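Participant: Before anything else, here's the structure in question.
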Amino acid sequence: MAAPPSALDKEQIFGMAEKEMEYRVELFNKMTQTCFNKCVENRYKESELNMGENSCIDRCVSKYWHVTNLIGQLLGSGKPPM
Amino acid sequence: MKDPNPSVVFAAMADDSGQATSNEVEKPQIEPIRLPSVEEIRGQDIWNNCAVRSVVSGVMGGGLGIFMGLFLGALDNPIMQEEMTGRQQLIYQAKQMGRRSISSAKAFAVMGFIFSAAECVVEKARAKHDMTNTAVAGCTTGGVISAKGGPRAACAGCAGFAAFSVLIEKFLEGH
């Protein structure tokens, strides 16, 4: 059962890892962009995050993550959309 | 979420891109993204805790109250009794200043504690940094302090302290 992976398998695994990496990068960029635009106002006078912005970003990231997971599960389960 | 931290990857990518551009053209070196260390994050978490913040504000208010009390107590003229010698008058004056400063310290400490706690809780709940947080916190503080005089006094204290705290905040922000 533990046959050495052929060249094709290695290619596949590499391609999947690449896709996974791209997906993660995209997720990170989109999440930071969305939450920054939502939580931080355009005009600010200091570089430190306020408490309000901090809690807003916490909530934003948590919701974004939950939504991503949920949608991933729905898409991955292979059932037709409701 | 135990997968590898992507922020490390992006810091590395930013580093590489900065070096690439500086090699090609005479552009200023792009600084790599400096993400906060674990100690900085922990420090920020501690400072963002409402209990810690309000206790620290209460202590600072107490310190301010001590100085105010000393100052105001020194201004109070003692009841002049001819029997007391100069030294006795000094002792009496010092005791009066001490009493005044302790009561003033307590009042200011309570004020600072309530204001800071209210502002922290409201800001965390609203997830916004606004003037309304200061106004609500000021109203709460004024209302609690003047609550002994009845509901009318509480309302007046609320409005007055809210206006005062908003003014102070505007002044501090414009600085």
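Starting from 1 in every chain, residues are counted up; chains themselves are A, B, ... following the order of the structure tokens, and ligands are numbered from 1 as listed.
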Could you please tell me, as an MDAnalysis selection string, which residues of chain B have an atom within 6 Å of chain A when using only C-alpha atoms?
Facilitator: chainID B and resid 123:124 127:129
Participant: Write out the residues from the selection above, keeping all heavy atoms, as a PDB file, in the first residue's frame.
Facilitator:
ATOM      1  N   GLU B 123     -17.793  51.424  24.807  1.00  0.00           N
ATOM      2  CA  GLU B 123     -17.029  51.372  23.560  1.00  0.00           C
ATOM      3  C   GLU B 123     -16.860  49.947  23.071  1.00  0.00           C
ATOM      4  O   GLU B 123     -16.907  49.682  21.871  1.00  0.00           O
ATOM      5  CB  GLU B 123     -15.658  52.019  23.774  1.00  0.00           C
ATOM      6  CG  GLU B 123     -14.828  52.015  22.523  1.00  0.00           C
ATOM      7  CD  GLU B 123     -13.773  53.087  22.548  1.00  0.00           C
ATOM      8  OE1 GLU B 123     -13.775  53.901  23.474  1.00  0.00           O
ATOM      9  OE2 GLU B 123     -12.947  53.097  21.630  1.00  0.00           O
ATOM     10  N   LYS B 124     -16.658  49.010  24.009  1.00  0.00           N
ATOM     11  CA  LYS B 124     -16.535  47.616  23.585  1.00  0.00           C
ATOM     12  C   LYS B 124     -17.835  47.109  23.001  1.00  0.00           C
ATOM     13  O   LYS B 124     -17.834  46.349  22.035  1.00  0.00           O
ATOM     14  CB  LYS B 124     -16.136  46.751  24.789  1.00  0.00           C
ATOM     15  CG  LYS B 124     -14.669  46.646  24.955  1.00  0.00           C
ATOM     16  CD  LYS B 124     -14.286  45.464  25.784  1.00  0.00           C
ATOM     17  CE  LYS B 124     -12.788  45.340  25.735  1.00  0.00           C
ATOM     18  NZ  LYS B 124     -12.264  44.409  26.706  1.00  0.00           N
ATOM     19  N   ALA B 127     -18.384  48.876  19.569  1.00  0.00           N
ATOM     20  CA  ALA B 127     -17.305  48.606  18.609  1.00  0.00           C
ATOM     21  C   ALA B 127     -17.034  49.824  17.737  1.00  0.00           C
ATOM     22  O   ALA B 127     -16.723  49.713  16.567  1.00  0.00           O
ATOM     23  CB  ALA B 127     -17.629  47.397  17.739  1.00  0.00           C
ATOM     24  N   LYS B 128     -17.161  50.997  18.316  1.00  0.00           N
ATOM     25  CA  LYS B 128     -16.902  52.230  17.580  1.00  0.00           C
ATOM     26  C   LYS B 128     -16.207  53.208  18.513  1.00  0.00           C
ATOM     27  O   LYS B 128     -16.453  53.207  19.721  1.00  0.00           O
ATOM     28  CB  LYS B 128     -18.230  52.854  17.152  1.00  0.00           C
ATOM     29  CG  LYS B 128     -18.481  52.822  15.686  1.00  0.00           C
ATOM     30  CD  LYS B 128     -19.777  53.548  15.419  1.00  0.00           C
ATOM     31  CE  LYS B 128     -19.845  53.925  13.965  1.00  0.00           C
ATOM     32  NZ  LYS B 128     -20.828  54.945  13.713  1.00  0.00           N
ATOM     33  N   HIS B 129     -15.374  54.076  17.932  1.00  0.00           N
ATOM     34  CA  HIS B 129     -14.714  55.095  18.751  1.00  0.00           C
ATOM     35  C   HIS B 129     -15.348  56.427  18.427  1.00  0.00           C
ATOM     36  O   HIS B 129     -15.121  56.976  17.360  1.00  0.00           O
ATOM     37  CB  HIS B 129     -13.212  55.110  18.452  1.00  0.00           C
ATOM     38  CG  HIS B 129     -12.439  55.971  19.373  1.00  0.00           C
ATOM     39  ND1 HIS B 129     -12.160  55.604  20.667  1.00  0.00           N
ATOM     40  CD2 HIS B 129     -11.916  57.207  19.211  1.00  0.00           C
ATOM     41  CE1 HIS B 129     -11.471  56.567  21.245  1.00  0.00           C
ATOM     42  NE2 HIS B 129     -11.310  57.549  20.386  1.00  0.00           N
TER      43      HIS B 129
END
Participant: Hey, can you check how far atom CA of B:Ala117 sits from atom CA of B:Cys50?
Facilitator: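 Separation of atom CA of B:Ala117 and atom CA of B:Cys50: 6.1 Å.
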Participant: Run DSSP on the backbone and grab whatever in chain B lands in alpha helix (DSSP H); send it over as a ChimeraX atom specification.
Facilitator: /B:6-24,38-47,50-75,86-126,131-145,151-173
Participant: Given the selection you just returned, output its residues as a file containing C-alpha atoms, formatted as a compact mmCIF listing (two decimals), in the first residue's frame.
Facilitator:
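Generated output (selection.txt):
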# COMPACT_ATOMS: atom_id res chain seq x y z
CA PRO B 6 0.40 33.59 7.02
CA SER B 7 1.55 36.92 8.39
CA VAL B 8 5.09 35.60 8.60
CA VAL B 9 4.92 34.65 4.94
CA PHE B 10 3.67 38.09 3.99
CA ALA B 11 6.35 39.82 6.01
CA ALA B 12 8.89 37.81 4.06
CA MET B 13 7.20 38.66 0.77
CA ALA B 14 7.17 42.37 1.63
CA ASP B 15 10.83 42.13 2.53
CA ASP B 16 11.71 40.57 -0.81
CA SER B 17 9.69 43.08 -2.81
CA GLY B 18 11.40 45.97 -1.00
CA GLN B 19 14.83 44.71 -1.86
CA ALA B 20 13.91 44.01 -5.47
CA THR B 21 12.79 47.57 -6.16
CA SER B 22 15.78 49.17 -4.49
CA ASN B 23 18.11 47.12 -6.64
CA GLU B 24 16.43 48.17 -9.84
CA VAL B 38 3.73 38.55 21.58
CA GLU B 39 4.62 40.85 24.47
CA GLU B 40 3.15 43.85 22.69
CA ILE B 41 -0.05 41.96 21.99
CA ARG B 42 -0.28 40.84 25.61
CA GLY B 43 0.37 44.38 26.81
CA GLN B 44 -2.38 45.69 24.56
CA ASP B 45 -4.74 42.99 25.78
CA ILE B 46 -4.04 43.92 29.39
CA TRP B 47 -4.57 47.59 28.72
CA CYS B 50 -12.07 47.13 31.29
CA ALA B 51 -11.31 46.21 34.90
CA VAL B 52 -7.62 47.09 34.63
CA ARG B 53 -8.40 50.34 32.87
CA SER B 54 -10.96 51.47 35.40
CA VAL B 55 -8.76 50.59 38.38
CA VAL B 56 -5.85 52.52 36.90
CA SER B 57 -8.13 55.48 36.21
CA GLY B 58 -9.44 55.30 39.76
CA VAL B 59 -5.92 55.36 41.16
CA MET B 60 -5.00 58.32 38.96
CA GLY B 61 -8.16 60.09 40.07
CA GLY B 62 -7.20 59.41 43.67
CA GLY B 63 -3.78 60.93 43.11
CA LEU B 64 -5.31 63.98 41.51
CA GLY B 65 -7.79 64.23 44.35
CA ILE B 66 -5.03 64.20 46.95
CA PHE B 67 -3.33 67.18 45.36
CA MET B 68 -6.58 69.04 44.86
CA GLY B 69 -7.55 68.39 48.45
CA LEU B 70 -4.22 69.62 49.75
CA PHE B 71 -4.53 72.76 47.70
CA LEU B 72 -8.12 73.48 48.65
CA GLY B 73 -7.51 72.54 52.28
CA ALA B 74 -4.70 75.03 52.46
CA LEU B 75 -7.02 77.74 51.25
CA GLY B 86 1.23 79.11 66.31
CA ARG B 87 2.38 75.50 66.35
CA GLN B 88 -1.07 74.25 67.31
CA GLN B 89 -2.59 76.24 64.52
CA LEU B 90 -0.12 74.68 62.12
CA ILE B 91 -1.06 71.20 63.29
CA TYR B 92 -4.74 72.00 63.01
CA GLN B 93 -4.21 73.36 59.51
CA ALA B 94 -2.27 70.27 58.48
CA LYS B 95 -4.96 67.95 59.83
CA GLN B 96 -7.62 69.87 58.01
CA MET B 97 -5.65 69.69 54.79
CA GLY B 98 -5.22 65.95 55.31
CA ARG B 99 -8.92 65.36 55.92
CA ARG B 100 -9.86 67.48 52.95
CA SER B 101 -7.39 65.73 50.66
CA ILE B 102 -8.56 62.24 51.69
CA SER B 103 -12.21 63.01 51.07
CA SER B 104 -11.36 64.72 47.80
CA ALA B 105 -9.19 61.77 46.76
CA LYS B 106 -12.04 59.36 47.42
CA ALA B 107 -14.49 61.44 45.42
CA PHE B 108 -12.16 61.80 42.45
CA ALA B 109 -11.17 58.14 42.55
CA VAL B 110 -14.81 57.06 42.40
CA MET B 111 -15.44 59.52 39.58
CA GLY B 112 -12.48 58.28 37.56
CA PHE B 113 -13.34 54.65 38.15
CA ILE B 114 -16.98 54.97 37.12
CA PHE B 115 -16.18 57.13 34.09
CA SER B 116 -13.49 54.83 32.80
CA ALA B 117 -15.50 51.67 33.40
CA ALA B 118 -18.58 53.08 31.68
CA GLU B 119 -16.63 54.37 28.70
CA CYS B 120 -14.77 51.08 28.29
CA VAL B 121 -17.93 48.96 28.45
CA VAL B 122 -19.86 51.20 26.07
CA GLU B 123 -17.03 51.37 23.56
CA LYS B 124 -16.54 47.62 23.58
CA ALA B 125 -20.25 47.02 23.09
CA ARG B 126 -20.63 49.55 20.27
CA MET B 131 -18.00 61.05 21.15
CA THR B 132 -21.17 59.25 22.21
CA ASN B 133 -19.07 56.91 24.34
CA THR B 134 -17.68 59.86 26.28
CA ALA B 135 -21.12 61.46 26.59
CA VAL B 136 -22.78 58.30 27.91
CA ALA B 137 -19.92 57.66 30.32
CA GLY B 138 -20.11 61.25 31.57
CA CYS B 139 -23.85 61.00 32.02
CA THR B 140 -23.48 57.78 34.01
CA THR B 141 -20.80 59.27 36.25
CA GLY B 142 -22.72 62.46 36.89
CA GLY B 143 -25.90 60.55 37.56
CA VAL B 144 -24.27 58.17 40.04
CA ILE B 145 -22.51 60.97 41.88
CA PRO B 151 -33.90 61.92 40.25
CA ARG B 152 -33.86 65.60 39.28
CA ALA B 153 -30.40 66.12 40.69
CA ALA B 154 -29.30 62.92 38.96
CA CYS B 155 -30.55 64.23 35.59
CA ALA B 156 -28.87 67.58 36.10
CA GLY B 157 -25.63 65.90 37.15
CA CYS B 158 -25.82 63.58 34.14
CA ALA B 159 -26.27 66.40 31.65
CA GLY B 160 -23.66 68.62 33.27
CA PHE B 161 -20.99 65.97 33.55
CA ALA B 162 -21.67 64.69 30.05
CA ALA B 163 -21.21 68.17 28.60
CA PHE B 164 -18.08 68.69 30.67
CA SER B 165 -16.49 65.41 29.62
CA VAL B 166 -17.32 66.00 25.93
CA LEU B 167 -15.69 69.42 26.12
CA ILE B 168 -12.60 68.03 27.79
CA GLU B 169 -12.39 65.24 25.20
CA LYS B 170 -12.70 67.72 22.33
CA PHE B 171 -10.00 69.89 23.86
CA LEU B 172 -7.69 66.89 24.35
CA GLU B 173 -8.29 65.65 20.83
Participant: Suppose you want the space between atom CA of B:Gln29 and atom CA of A:Glu46; what is it in Å?
Facilitator: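 Between atom CA of B:Gln29 and atom CA of A:Glu46 the gap is 23.8 Å.
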